[in-house]
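Below is data-v7.pdb, holding PDB, C-alpha atoms.
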```
ATOM      1  CA  MET U   1      78.966 109.905  75.545
ATOM      2  CA  ILE U   2      75.941 108.028  76.896
ATOM      3  CA  ARG U   3      77.047 104.884  75.024
ATOM      4  CA  LEU U   4      80.459 105.147  76.671
ATOM      5  CA  VAL U   5      78.892 105.463  80.129
ATOM      6  CA  LYS U   6      76.631 102.452  79.444
ATOM      7  CA  TRP U   7      79.605 100.424  78.189
ATOM      8  CA  PHE U   8      81.646 101.395  81.282
ATOM      9  CA  ARG U   9      78.779 100.451  83.603
ATOM     10  CA  THR U  10      78.326  97.093  81.866
ATOM     11  CA  ALA U  11      82.069  96.374  81.922
ATOM     12  CA  THR U  12      82.314  97.323  85.605
ATOM     13  CA  ASN U  13      79.337  95.175  86.552
ATOM     14  CA  LYS U  14      80.840  92.236  84.696
ATOM     15  CA  ALA U  15      84.346  92.742  86.124
ATOM     16  CA  PHE U  16      83.021  92.901  89.689
ATOM     17  CA  SER U  17      80.611  89.965  89.271
ATOM     18  CA  LYS U  18      81.271  86.748  91.207
ATOM     19  CA  LYS U  19      82.399  85.065  88.003
ATOM     20  CA  TYR U  20      85.233  87.537  87.261
ATOM     21  CA  LEU U  21      85.974  89.069  90.670
ATOM     22  CA  LEU U  22      89.159  87.071  91.387
ATOM     23  CA  PHE U  23      90.575  87.947  87.967
ATOM     24  CA  THR U  24      89.602  91.609  88.429
ATOM     25  CA  ASN U  25      91.156  91.789  91.895
ATOM     26  CA  VAL U  26      94.396  90.169  90.759
ATOM     27  CA  ALA U  27      94.617  92.409  87.674
ATOM     28  CA  ILE U  28      94.153  95.492  89.846
ATOM     29  CA  SER U  29      96.820  94.298  92.290
ATOM     30  CA  VAL U  30      99.325  93.492  89.548
ATOM     31  CA  SER U  31      98.756  96.817  87.822
ATOM     32  CA  LEU U  32      98.955  99.054  90.854
ATOM     33  CA  SER U  33     101.955  97.253  92.366
ATOM     34  CA  GLY U  34     103.767  97.840  89.085
ATOM     35  CA  VAL U  35     102.668 101.480  88.942
ATOM     36  CA  GLY U  36     103.850 102.007  92.520
ATOM     37  CA  ASP U  37     107.273 100.648  91.603
ATOM     38  CA  ILE U  38     107.444 102.791  88.454
ATOM     39  CA  ILE U  39     106.660 105.903  90.507
ATOM     40  CA  GLU U  40     109.347 104.994  93.052
ATOM     41  CA  GLN U  41     111.914 104.262  90.339
ATOM     42  CA  HIS U  42     111.234 107.564  88.594
ATOM     43  CA  TYR U  43     111.738 109.322  91.912
ATOM     44  CA  GLU U  44     115.056 107.474  92.333
ATOM     45  CA  ILE U  45     116.067 108.429  88.767
ATOM     46  CA  TYR U  46     115.130 112.054  89.449
ATOM     47  CA  ASN U  47     117.299 112.043  92.606
ATOM     48  CA  GLY U  48     120.210 110.396  90.788
ATOM     49  CA  GLU U  49     119.959 107.190  92.842
ATOM     50  CA  LEU U  50     119.096 105.072  89.787
ATOM     51  CA  ALA U  51     120.449 105.414  86.263
ATOM     52  CA  SER U  52     117.418 104.127  84.365
ATOM     53  CA  TRP U  53     114.152 102.271  84.736
ATOM     54  CA  ASP U  54     114.695  98.659  85.835
ATOM     55  CA  ARG U  55     111.947  96.763  84.024
ATOM     56  CA  GLN U  56     112.738  93.505  85.797
ATOM     57  CA  ARG U  57     112.265  95.166  89.176
ATOM     58  CA  THR U  58     108.843  96.445  88.064
ATOM     59  CA  ARG U  59     107.948  93.002  86.716
ATOM     60  CA  PHE U  60     108.934  91.413  90.035
ATOM     61  CA  MET U  61     106.948  93.957  92.056
ATOM     62  CA  SER U  62     103.931  93.363  89.786
ATOM     63  CA  ILE U  63     104.159  89.600  90.250
ATOM     64  CA  SER U  64     104.376  90.160  94.008
ATOM     65  CA  GLY U  65     101.191  92.188  93.628
ATOM     66  CA  MET U  66      99.631  89.142  92.002
ATOM     67  CA  THR U  67     100.341  86.903  95.003
ATOM     68  CA  VAL U  68      99.057  89.594  97.358
ATOM     69  CA  GLY U  69      95.966  90.133  95.167
ATOM     70  CA  VAL U  70      95.052  86.452  95.353
ATOM     71  CA  PHE U  71      95.540  86.480  99.117
ATOM     72  CA  CYS U  72      93.528  89.686  99.648
ATOM     73  CA  HIS U  73      90.666  88.410  97.500
ATOM     74  CA  GLY U  74      90.377  85.330  99.678
ATOM     75  CA  TRP U  75      91.044  87.226 102.898
ATOM     76  CA  TYR U  76      88.255  89.785 102.448
ATOM     77  CA  ASN U  77      85.788  87.066 101.477
ATOM     78  CA  PHE U  78      86.792  85.040 104.546
ATOM     79  CA  MET U  79      86.524  88.067 106.871
ATOM     80  CA  ASP U  80      83.019  88.912 105.652
ATOM     81  CA  ARG U  81      81.821  85.313 105.915
ATOM     82  CA  ARG U  82      83.352  84.874 109.380
ATOM     83  CA  PHE U  83      82.376  88.320 110.709
ATOM     84  CA  PRO U  84      79.268  89.498 108.837
ATOM     85  CA  GLY U  85      77.925  92.944 109.622
ATOM     86  CA  ARG U  86      79.080  96.543 109.860
ATOM     87  CA  THR U  87      78.671  97.642 113.446
ATOM     88  CA  ILE U  88      81.521  99.823 114.686
ATOM     89  CA  GLY U  89      82.576  97.132 117.179
ATOM     90  CA  LEU U  90      82.701  94.505 114.454
ATOM     91  CA  VAL U  91      84.562  96.834 112.092
ATOM     92  CA  LEU U  92      87.199  97.552 114.753
ATOM     93  CA  LYS U  93      87.526  93.811 115.403
ATOM     94  CA  LYS U  94      88.080  93.214 111.660
ATOM     95  CA  VAL U  95      90.689  95.993 111.534
ATOM     96  CA  LEU U  96      92.565  94.507 114.498
ATOM     97  CA  ILE U  97      92.495  91.012 112.990
ATOM     98  CA  ASP U  98      93.517  92.406 109.609
ATOM     99  CA  GLN U  99      96.502  94.231 111.114
ATOM    100  CA  THR U 100      97.692  91.386 113.320
ATOM    101  CA  VAL U 101      97.055  88.458 110.958
ATOM    102  CA  ALA U 102      96.817  89.602 107.333
ATOM    103  CA  SER U 103      99.421  92.389 107.347
ATOM    104  CA  PRO U 104     102.335  90.153 108.402
ATOM    105  CA  ILE U 105     101.229  87.525 105.868
ATOM    106  CA  VAL U 106     101.071  90.099 103.056
ATOM    107  CA  ILE U 107     104.514  91.448 103.909
ATOM    108  CA  PHE U 108     105.929  87.922 104.028
ATOM    109  CA  LEU U 109     104.267  87.110 100.674
ATOM    110  CA  PHE U 110     106.080  90.094  99.128
ATOM    111  CA  PHE U 111     109.436  88.922 100.455
ATOM    112  CA  ALA U 112     108.829  85.269  99.559
ATOM    113  CA  THR U 113     107.638  86.047  96.032
ATOM    114  CA  LEU U 114     110.590  88.343  95.377
ATOM    115  CA  ALA U 115     112.989  85.735  96.794
ATOM    116  CA  VAL U 116     111.641  83.108  94.408
ATOM    117  CA  LEU U 117     111.782  85.484  91.436
ATOM    118  CA  LYS U 118     115.316  86.608  92.285
ATOM    119  CA  ARG U 119     116.343  83.009  93.026
ATOM    120  CA  SER U 120     117.511  84.045  96.472
ATOM    121  CA  SER U 121     118.436  81.451  99.052
ATOM    122  CA  PHE U 122     116.308  80.936 102.134
ATOM    123  CA  GLU U 123     119.054  82.590 104.182
ATOM    124  CA  GLU U 124     119.060  85.650 101.904
ATOM    125  CA  MET U 125     115.284  85.931 102.208
ATOM    126  CA  ARG U 126     115.447  85.527 105.980
ATOM    127  CA  HIS U 127     118.039  88.317 106.117
ATOM    128  CA  GLU U 128     115.813  90.611 103.991
ATOM    129  CA  VAL U 129     112.811  89.926 106.210
ATOM    130  CA  ARG U 130     114.870  90.535 109.358
ATOM    131  CA  ASP U 131     116.226  93.842 108.009
ATOM    132  CA  LYS U 132     113.066  95.265 106.418
ATOM    133  CA  PHE U 133     109.947  93.671 107.891
ATOM    134  CA  ILE U 134     109.611  96.040 110.838
ATOM    135  CA  ARG U 135     109.844  99.130 108.600
ATOM    136  CA  LEU U 136     106.993  97.868 106.436
ATOM    137  CA  TYR U 137     104.900  96.622 109.351
ATOM    138  CA  THR U 138     105.245  99.935 111.193
ATOM    139  CA  ALA U 139     104.088 101.790 108.072
ATOM    140  CA  GLU U 140     101.163  99.365 107.816
ATOM    141  CA  TRP U 141      99.997 100.456 111.282
ATOM    142  CA  VAL U 142     100.074 104.095 110.193
ATOM    143  CA  VAL U 143      98.293 103.672 106.852
ATOM    144  CA  TRP U 144      95.880 100.782 107.164
ATOM    145  CA  PRO U 145      93.767 101.068 110.335
ATOM    146  CA  PRO U 146      92.006 104.282 109.193
ATOM    147  CA  ALA U 147      91.771 102.991 105.628
ATOM    148  CA  GLN U 148      90.368  99.641 106.740
ATOM    149  CA  ILE U 149      87.733 101.282 108.925
ATOM    150  CA  VAL U 150      86.385 102.905 105.760
ATOM    151  CA  ASN U 151      86.815  99.644 103.835
ATOM    152  CA  PHE U 152      85.004  97.410 106.330
ATOM    153  CA  TYR U 153      82.315  99.925 107.307
ATOM    154  CA  PHE U 154      81.228 101.375 103.961
ATOM    155  CA  LEU U 155      82.206  99.054 101.100
ATOM    156  CA  PRO U 156      80.692  95.801  99.894
ATOM    157  CA  THR U 157      83.144  92.891  99.762
ATOM    158  CA  LYS U 158      83.455  92.966  95.972
ATOM    159  CA  TYR U 159      85.010  96.462  96.028
ATOM    160  CA  ARG U 160      87.406  95.885  98.924
ATOM    161  CA  VAL U 161      90.460  94.851  96.897
ATOM    162  CA  LEU U 162      89.931  97.782  94.497
ATOM    163  CA  TYR U 163      89.765 100.211  97.422
ATOM    164  CA  ASP U 164      92.668  98.475  99.158
ATOM    165  CA  ASN U 165      94.824  98.767  96.046
ATOM    166  CA  THR U 166      93.860 102.379  95.429
ATOM    167  CA  ILE U 167      95.004 103.297  98.942
ATOM    168  CA  SER U 168      97.917 100.931  98.534
ATOM    169  CA  LEU U 169      99.328 102.798  95.546
ATOM    170  CA  GLY U 170     101.080 105.224  97.896
ATOM    171  CA  TYR U 171     102.051 102.391 100.201
ATOM    172  CA  ASP U 172     103.374 100.418  97.194
ATOM    173  CA  VAL U 173     105.736 103.293  96.402
ATOM    174  CA  TYR U 174     107.084 103.021  99.943
ATOM    175  CA  THR U 175     107.167  99.205  99.766
ATOM    176  CA  SER U 176     109.204  99.400  96.560
ATOM    177  CA  TYR U 177     111.602 101.801  98.257
ATOM    178  CA  VAL U 178     112.035  99.579 101.345
ATOM    179  CA  ILE U 179     112.260  96.302  99.427
ATOM    180  CA  ASN U 180     114.942  97.729  97.144
ATOM    181  CA  ASP U 181     116.788  99.746  99.811
ATOM    182  CA  ASP U 182     120.199  98.257 100.489
ATOM    183  CA  SER U 183     121.176 100.761 103.193
ATOM    184  CA  SER U 184     119.997  98.427 105.969
ATOM    185  CA  ASN U 185     122.384  95.805 104.603
ATOM    186  CA  ASP U 186     125.193  98.355 104.680
ATOM    187  CA  ARG U 187     124.410  99.267 108.307
ATOM    188  CA  SER U 188     124.706  95.651 109.392
ATOM    189  CA  ALA U 189     128.232  95.526 107.942
ATOM    190  CA  ILE U 190     129.360  98.551 109.958
ATOM    191  CA  PRO U 191     130.897  97.591 113.319
ATOM    192  CA  SER U 192     129.284  99.243 116.359
TER     193      SER U 192
END
```
Please express the file's structure as structure tokens.
Amino acid sequence: MIRLVKWFRTATNKAFSKKYLLFTNVAISVSLSGVGDIIEQHYEIYNGELASWDRQRTRFMSISGMTVGVFCHGWYNFMDRRFPGRTIGLVLKKVLIDQTVASPIVIFLFFATLAVLKRSSFEEMRHEVRDKFIRLYTAEWVVWPPAQIVNFYFLPTKYRVLYDNTISLGYDVYTSYVINDDSSNDRSAIPS
């Protein structure tokens, strides 16, 4: 048991070292984005909304997690270089900047990555963003400010993407639901 704990500690230290941190952050993002989609799909299967697991959908959500993981890795490093410190005023400033700058970028990265993977036209992607962006952005304002206060106040930079993705697992379930929800498209076809 002690050997296992030592091995885990060594592996964790190596994974979160400067040399491997980008790879670790991206791997975490890919994995948890995929898990979030799998959870959402199983819920849809349970409710009879989906016949079976769509592996391609999970693959696409995981790849979207990769683009977001790369962005978040760079974003948290930038934020800590630009705004060093952990005073409550500085933390609140980081949260506000994160919500107003990074959140829209992350949501757009999801849509753009999925559009490329699905070979959607620019017009199709624009329509998806128009129909679904506000739902995701509103949810971001509910979930992330409290989570980011903890993130920016207590955690060192190297653990931020791990924490972000752990919290994001629940949000990824919702993101998968919204991204794959066609009801907003149906509403736009209904005359008022």
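Within the file as shown, the PyMOL selection byres ((chain U and resi 93) around 12) identifies Met79, Asp80, Arg82, Phe83, Pro84, Gly85, Arg86, Thr87, Ile88, Gly89, Leu90, Val91, Leu92, Lys94, Val95, Leu96, Ile97, Asp98, Gln99, Thr100, Val101, Pro145, Gln148, Ile149, Phe152 and Tyr153 of chain U.
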message: I need the residue nearest Arg135 in chain U from this list: U:Ala115, U:Leu21, U:Ile179, U:Val5. Use all atoms listed in the file for the distance.
response: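 Ranked by minimum distance to Arg135 in chain U, first place goes to U:Ile179.
What the PyMOL selection byres ((chain U and resi 180) around 10) matches in the given file is Asp37, Gln41, Arg57, Glu128, Lys132, Tyr174, Thr175, Ser176, Tyr177, Val178, Ile179, Asp181, Asp182 and Ser183 of chain U.
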- prompt: Which of these, U:Lys6, U:His73, U:Lys19, U:Arg59, has the shortest distance to Thr157 in chain U once you count only C-alpha atoms?
  reply: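 Selected residue with least distance to Thr157 in chain U: U:His73.
When only C-alpha atoms are used to measure the gap to Tyr163 in chain U, the shortest distance among U:Ser121, U:Ser31, U:Thr113, U:Asn25 belongs to U:Asn25.
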task: Provide the CA of Gly170 in chain U to CA of Val106 in chain U distance in Å, to one decimal place.
output: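 Value for the CA of Gly170 in chain U-CA of Val106 in chain U distance: 16.0 Å.
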- line: Across U:Val142, U:Ala27, U:Leu114, U:Phe108, the smallest distance to Val129 in chain U, with only C-alpha atoms counted, is shown by U:Phe108
message: Just want the 12 Å neighbourhood of Asp164 in chain U, counted on all atoms listed in the file, with same-chain residues fewer than 6 positions away dropped. Output as JSON, numbers by chain.
response: {"U": [25, 26, 28, 29, 32, 33, 65, 68, 69, 72, 73, 75, 76, 143, 144, 145, 146, 147, 148, 149, 150, 151, 152, 155, 157, 158, 170, 171, 172]}
